[in-house]
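Engineer: So that you have it, the file is start01.txt, and it contains compact mmCIF, C-alpha atoms:
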# COMPACT_ATOMS: atom_id res chain seq x y z
CA ASN J 1 0.00 0.00 0.00
CA GLY J 2 2.95 2.35 0.48
CA ILE J 3 4.51 2.36 -3.00
CA ASN J 4 2.87 4.02 -5.99
CA ILE J 5 3.90 1.76 -8.88
CA GLY J 6 2.15 4.03 -11.40
CA GLU J 7 4.42 6.92 -10.42
CA ILE J 8 7.46 4.73 -10.95
CA ILE J 9 6.29 3.59 -14.39
CA ASN J 10 5.53 7.19 -15.41
CA ALA J 11 9.02 8.26 -14.30
CA LEU J 12 10.60 5.87 -16.80
CA PRO J 13 9.65 7.30 -20.21
CA ARG J 14 11.95 4.92 -22.10
CA PHE J 15 9.98 1.92 -20.87
CA GLU J 16 6.46 0.76 -21.52
CA GLY J 17 5.16 -1.25 -18.63
CA ILE J 18 2.28 -2.32 -16.48
CA GLU J 19 2.15 -3.15 -12.81
CA SER J 20 3.09 -6.75 -12.12
CA THR J 21 0.93 -8.91 -9.89
CA GLY J 22 3.10 -11.97 -9.84
CA PRO J 23 5.78 -14.09 -11.45
CA PHE J 24 4.09 -14.56 -14.83
CA HIS J 25 4.16 -12.26 -17.85
CA PRO J 26 0.65 -11.07 -18.89
CA ASP J 27 0.96 -13.02 -22.16
CA SER J 28 1.95 -16.21 -20.33
CA ILE J 29 -0.42 -19.11 -19.83
CA GLY J 30 0.27 -18.73 -16.10
CA TYR J 31 -0.90 -15.13 -15.82
CA ASN J 32 -3.96 -14.86 -13.57
CA PRO J 33 -6.10 -11.82 -14.47
CA GLU J 34 -8.17 -12.29 -11.30
CA VAL J 35 -5.17 -11.27 -9.17
CA LYS J 36 -5.44 -7.51 -8.71
CA PRO J 37 -2.53 -5.28 -7.65
CA ILE J 38 -2.49 -3.94 -4.13
CA GLU J 39 -3.95 -0.44 -4.20
CA TYR J 40 -1.65 2.47 -3.40
CA ASP J 41 -3.08 3.83 -0.17
CA PRO J 42 -0.55 5.52 2.14
CA VAL J 43 -3.17 6.15 4.82
CA LYS J 44 -3.98 2.44 4.97
CA ALA J 45 -0.25 1.65 4.98
CA LYS J 46 0.26 3.93 7.99
CA MET J 47 -2.63 2.27 9.82
CA MET J 48 -1.23 -1.20 9.09
CA LEU J 49 2.17 -0.18 10.45
CA MET J 50 0.59 1.36 13.54
CA HIS J 51 -1.43 -1.81 14.22
CA ARG J 52 1.81 -3.80 14.02
CA GLY J 53 3.35 -1.65 16.74
CA TRP J 54 5.37 0.79 14.59
CA GLN J 55 4.74 4.15 16.24
CA ASP J 56 4.75 7.49 14.45
CA MET J 57 7.72 9.49 15.72
CA SER J 58 7.05 12.64 13.67
CA ALA J 59 7.80 14.81 16.70
CA ASP J 60 9.87 13.52 19.58
CA ALA J 61 10.02 14.95 23.08
CA ARG J 62 12.50 17.64 22.01
CA GLY J 63 10.29 18.68 19.12
CA ALA J 64 12.83 17.48 16.55
CA GLU J 65 11.47 16.23 13.25
CA ASN J 66 11.90 12.50 12.76
CA ASN J 67 9.26 10.74 10.70
CA VAL J 68 10.83 7.27 10.94
CA ARG J 69 8.55 4.89 12.82
CA LYS J 70 9.89 2.99 15.80
CA LYS J 71 9.06 -0.13 17.77
CA ASN J 72 10.97 -0.95 20.97
CA ASP J 73 13.40 1.90 20.16
CA LYS J 74 14.25 0.30 16.81
CA GLU J 75 13.75 2.31 13.62
CA LEU J 76 11.75 0.84 10.76
CA GLU J 77 14.15 0.61 7.86
CA LEU J 78 14.48 -1.20 4.56
CA ARG J 79 17.99 -1.93 3.27
CA MET J 80 17.87 -2.20 -0.53
CA LEU J 81 20.57 -3.32 -2.97
CA VAL J 82 20.79 -1.09 -6.06
CA ASP J 83 23.17 -1.41 -9.03
CA GLU J 84 24.79 2.03 -9.24
CA ARG J 85 25.70 1.54 -12.93
CA ASN J 86 22.02 1.62 -13.90
CA GLU J 87 20.34 5.03 -13.95
CA THR J 88 16.89 3.44 -14.15
CA TYR J 89 17.47 1.53 -10.92
CA LYS J 90 18.73 4.67 -9.22
CA THR J 91 15.63 6.61 -10.32
CA ILE J 92 13.34 3.87 -9.03
CA ALA J 93 15.24 3.71 -5.74
CA GLN J 94 14.86 7.48 -5.24
CA ILE J 95 11.10 7.27 -5.80
CA ILE J 96 10.71 4.30 -3.45
CA ARG J 97 12.79 6.02 -0.78
CA GLN J 98 10.65 9.17 -1.01
CA GLN J 99 7.33 7.32 -0.99
CA LEU J 100 8.25 5.08 1.94
CA SER J 101 9.65 8.00 3.93
CA GLU J 102 6.17 9.56 3.73
CA ILE J 103 4.73 6.64 5.70
CA GLY J 104 7.61 6.45 8.16
CA ILE J 105 9.96 3.88 6.65
CA LYS J 106 13.64 4.73 6.24
CA VAL J 107 15.16 3.30 3.07
CA ILE J 108 18.91 2.70 3.05
CA VAL J 109 20.20 2.30 -0.50
CA LEU J 110 23.18 -0.06 -0.72
CA LEU J 111 24.92 0.74 -4.01
CA TYR J 112 27.15 -1.81 -5.68
CA LYS J 113 29.13 -1.71 -8.94
CA ASP J 114 29.18 -5.40 -9.79
CA GLU J 115 27.35 -8.47 -8.53
CA SER J 116 30.71 -10.04 -7.66
CA GLU J 117 30.78 -7.57 -4.74
CA LEU J 118 27.72 -9.24 -3.23
CA THR J 119 29.71 -11.84 -1.34
CA PRO J 120 28.38 -13.68 1.72
CA GLU J 121 30.59 -11.41 3.84
CA TYR J 122 29.12 -8.27 2.24
CA LEU J 123 25.58 -9.56 2.72
CA ASP J 124 26.26 -10.52 6.34
CA LYS J 125 27.71 -7.09 7.09
CA ASN J 126 25.08 -4.97 5.28
CA LYS J 127 22.03 -7.24 5.75
CA PRO J 128 19.99 -6.20 2.68
CA GLN J 129 16.28 -7.01 2.79
CA ALA J 130 15.47 -6.19 -0.83
CA TRP J 131 17.22 -6.25 -4.19
CA LEU J 132 15.94 -3.81 -6.80
CA ARG J 133 15.72 -5.68 -10.11
CA LEU J 134 13.80 -5.40 -13.35
CA PHE J 135 12.64 -8.53 -15.13
CA SER J 136 11.16 -8.87 -18.57
CA GLY J 137 9.83 -11.89 -20.38
CA LEU J 138 8.32 -13.04 -23.62
CA GLY J 139 5.36 -14.64 -21.93
CA PHE J 140 5.15 -17.86 -23.91
CA GLY J 141 5.01 -20.41 -21.10
CA GLY J 142 4.96 -20.82 -17.36
CA ASP J 143 8.33 -22.49 -16.96
CA ASP J 144 10.27 -19.20 -17.13
CA ALA J 145 9.21 -18.46 -13.53
CA ILE J 146 10.48 -21.76 -12.16
CA GLY J 147 14.06 -20.60 -11.59
CA SER J 148 13.04 -17.93 -9.09
CA TRP J 149 10.01 -19.48 -7.42
CA TYR J 150 10.61 -23.23 -7.45
CA SER J 151 12.66 -23.89 -4.34
CA LEU J 152 14.07 -27.17 -5.61
CA SER J 153 15.74 -25.50 -8.60
CA SER J 154 19.41 -24.59 -8.35
CA GLN J 155 20.05 -21.88 -5.77
CA GLU J 156 23.65 -21.33 -6.85
CA GLY J 157 24.43 -17.64 -7.15
CA LYS J 158 21.05 -16.52 -5.77
CA LEU J 159 20.93 -13.82 -3.11
CA TRP J 160 17.46 -14.70 -1.91
CA HIS J 161 15.42 -17.84 -1.65
CA TYR J 162 11.66 -18.34 -1.81
CA ALA J 163 10.24 -21.64 -0.60
CA ASN J 164 6.66 -22.85 -0.48
CA ASP J 165 5.90 -26.59 -0.56
CA GLU J 166 2.53 -26.08 -2.25
CA VAL J 167 4.10 -23.94 -4.99
CA ASP J 168 6.84 -26.55 -5.51
CA GLN J 169 4.22 -29.31 -5.87
CA LEU J 170 2.22 -27.22 -8.33
CA PHE J 171 5.30 -26.48 -10.46
CA GLU J 172 6.08 -30.21 -10.53
CA LEU J 173 2.50 -30.97 -11.55
CA GLY J 174 2.54 -28.21 -14.18
CA ARG J 175 5.69 -29.56 -15.81
CA ILE J 176 4.18 -33.01 -16.39
CA THR J 177 0.61 -31.97 -17.25
CA GLN J 178 -0.05 -32.34 -20.98
CA ASP J 179 -3.47 -30.69 -21.06
CA ASN J 180 -2.80 -26.99 -21.73
CA LEU J 181 -5.96 -25.79 -19.98
CA LYS J 182 -5.18 -27.77 -16.83
CA ARG J 183 -1.56 -26.61 -16.99
CA ALA J 184 -2.66 -22.98 -17.28
CA ASN J 185 -4.92 -23.35 -14.25
CA ILE J 186 -2.07 -24.84 -12.22
CA TYR J 187 0.19 -21.88 -13.05
CA LYS J 188 -2.60 -19.39 -12.36
CA ASN J 189 -2.96 -20.92 -8.91
CA ILE J 190 0.81 -20.46 -8.39
CA HIS J 191 0.44 -16.83 -9.47
CA LYS J 192 -2.24 -16.20 -6.85
CA ILE J 193 -0.39 -17.95 -4.02
CA ILE J 194 2.83 -16.01 -4.60
CA TYR J 195 1.11 -12.64 -4.89
CA ASP J 196 -0.98 -13.29 -1.77
CA GLU J 197 2.19 -14.09 0.19
CA GLN J 198 3.99 -10.92 -0.98
CA PRO J 199 7.49 -12.40 -0.54
Would it be possible to restate this file's structure as structure tokens?

Structural biologist:
Amino acid sequence: NGINIGEIINALPRFEGIESTGPFHPDSIGYNPEVKPIEYDPVKAKMMLMHRGWQDMSADARGAENNVRKKNDKELELRMLVDERNETYKTIAQIIRQQLSEIGIKVIVLLYKDESELTPEYLDKNKPQAWLRLFSGLGFGGDDAIGSWYSLSSQEGKLWHYANDEVDQLFELGRITQDNLKRANIYKNIHKIIYDEQP
């Protein structure tokens, strides 16, 4: 609710895009049109954070401005990896940082020059929670999403790992199902599960 995807898309005039609701390209058999994107609603986002114990610290006891929310004296922050060689990524990161600051989340941008820098030691020291990436696809089948969302696929070189037993079983079923309609329904179910989980 706290990020306005439309604003990001509009800020990238070289790209034509739509808001993604899951791992499948809109032209893929796995794309589920019934899955709707989460509505941008910063007021709702603030309420959700407040109900989870993140208090608004917009004015502390000394009257100093600090809009970063806190819980148990810990600031709410998101540490995000961004490739500094890519101007598009840097633009997106600036917009995300601004939008999340408006609801009380501090975004720390961790710039890197090459993925070889993202060693286990670097990750342990900097503890990123997000990695800003753009993905594009041709949308022909559902198997193109397996590498990222099927936990039994090779994890070599991956910085993050998603695992869901039900999704794994559905991917396995989808790969052996010959009936295209049944296969499409399997992948559409995967689409919904992953978007509902918001990993």

Engineer: Figure out the distance between atom CA of J:Thr88 and atom CA of J:Pro13, please, to one decimal in Å.

Structural biologist: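 Spanning atom CA of J:Pro13 to atom CA of J:Thr88 is a straight-line distance of 10.2 Å.
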
Engineer: By how many Å are atom CA of J:Asp56 and atom CA of J:Asp124 apart?

Structural biologist: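 Computing it gives 29.2 Å between the two atoms.
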
Engineer: Which value, in Å to one decimal, gives the distance between atom CA of J:Ile5 and atom CA of J:Asp168?

Structural biologist: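 Straight-line distance from atom CA of J:Ile5 to atom CA of J:Asp168 works out to 28.7 Å.
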
Engineer: Which residues, written as a PyMOL selection string, have at least one atom at most 12 Å from stretch 185-191 of chain J, with only C-alpha atoms counted and residues fewer than 5 positions away on the same chain left out?

Structural biologist: chain J and resi 20-26+28-36+141-146+149-150+164-180+196-198

Engineer: Do a neighbour search on J:Tyr112 at 10 Å with all atoms listed in the file, toss out local chain neighbours closer than 3 positions, and write the hits as a list in words.

Structural biologist: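 My reading of the contact set: Leu81, Val82, Asp83, Glu84, Arg85, Val109, Glu115, Ser116, Glu117 and Leu118 of chain J.
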
Engineer: Point out the residue among J:Lys106, J:Lys71, J:Arg133, J:Lys127 with the least atom-to-atom distance to J:Lys90, counting all atoms listed in the file.

Structural biologist: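 Closest to J:Lys90, using all atoms listed in the file: J:Arg133.
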
Engineer: Which of these residues is nearest to J:Asp41, using only C-alpha atoms: J:Asn1, J:Gln129, J:Ser151, J:Asn86?

Structural biologist: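 Closest to J:Asp41 of all the choices is J:Asn1.
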
Engineer: Counting all atoms listed in the file, I want the residues whose atoms come within 10 Å of (19.5, 7.9, -4.1) in the file frame, returned as a PyMOL selection string.

Structural biologist: chain J and resi 82+84+89-98+107-111

Engineer: Which neighbours of J:Pro199 fall inside 10 Å, counting all atoms listed in the file, when residues of the same chain fewer than 4 positions from it are skipped, and could you give them as a list in words?

Structural biologist: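 Surrounding residues, per the criterion: His161, Tyr162, Ala163, Ile194 and Tyr195 of chain J.
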
Engineer: Which residues, written as a short mmCIF file (atom, residue, chain, number, x, y, z; two decimals) with C-alpha atoms, in the coordinates of the input, have at least one atom at most 12 Å from J:Val43, with all atoms listed in the file counted and residues fewer than 6 positions away on the same chain left out?

Structural biologist:
data_model
loop_
_atom_site.label_atom_id
_atom_site.label_comp_id
_atom_site.auth_asym_id
_atom_site.auth_seq_id
_atom_site.Cartn_x
_atom_site.Cartn_y
_atom_site.Cartn_z
CA ASN J 1 0.00 0.00 0.00
CA GLY J 2 2.95 2.35 0.48
CA ILE J 3 4.51 2.36 -3.00
CA LEU J 49 2.17 -0.18 10.45
CA MET J 50 0.59 1.36 13.54
CA LEU J 100 8.25 5.08 1.94
CA GLU J 102 6.17 9.56 3.73
CA ILE J 103 4.73 6.64 5.70
CA GLY J 104 7.61 6.45 8.16
#

Engineer: Using only C-alpha atoms, give me every residue within 12 Å of (14.0, 4.7, 19.3) in file coordinates, as JSON, numbers by chain.

Structural biologist: {"J": [54, 55, 56, 57, 58, 60, 61, 66, 67, 68, 69, 70, 71, 72, 73, 74, 75, 76]}

Engineer: Would you please work out which residue, of J:Tyr122, J:Trp131, J:Trp160, J:Phe15, is nearest to J:Leu78 when using all atoms listed in the file?

Structural biologist: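 Comparing J:Tyr122, J:Trp131, J:Trp160, J:Phe15 against J:Leu78, the winner is J:Trp131.
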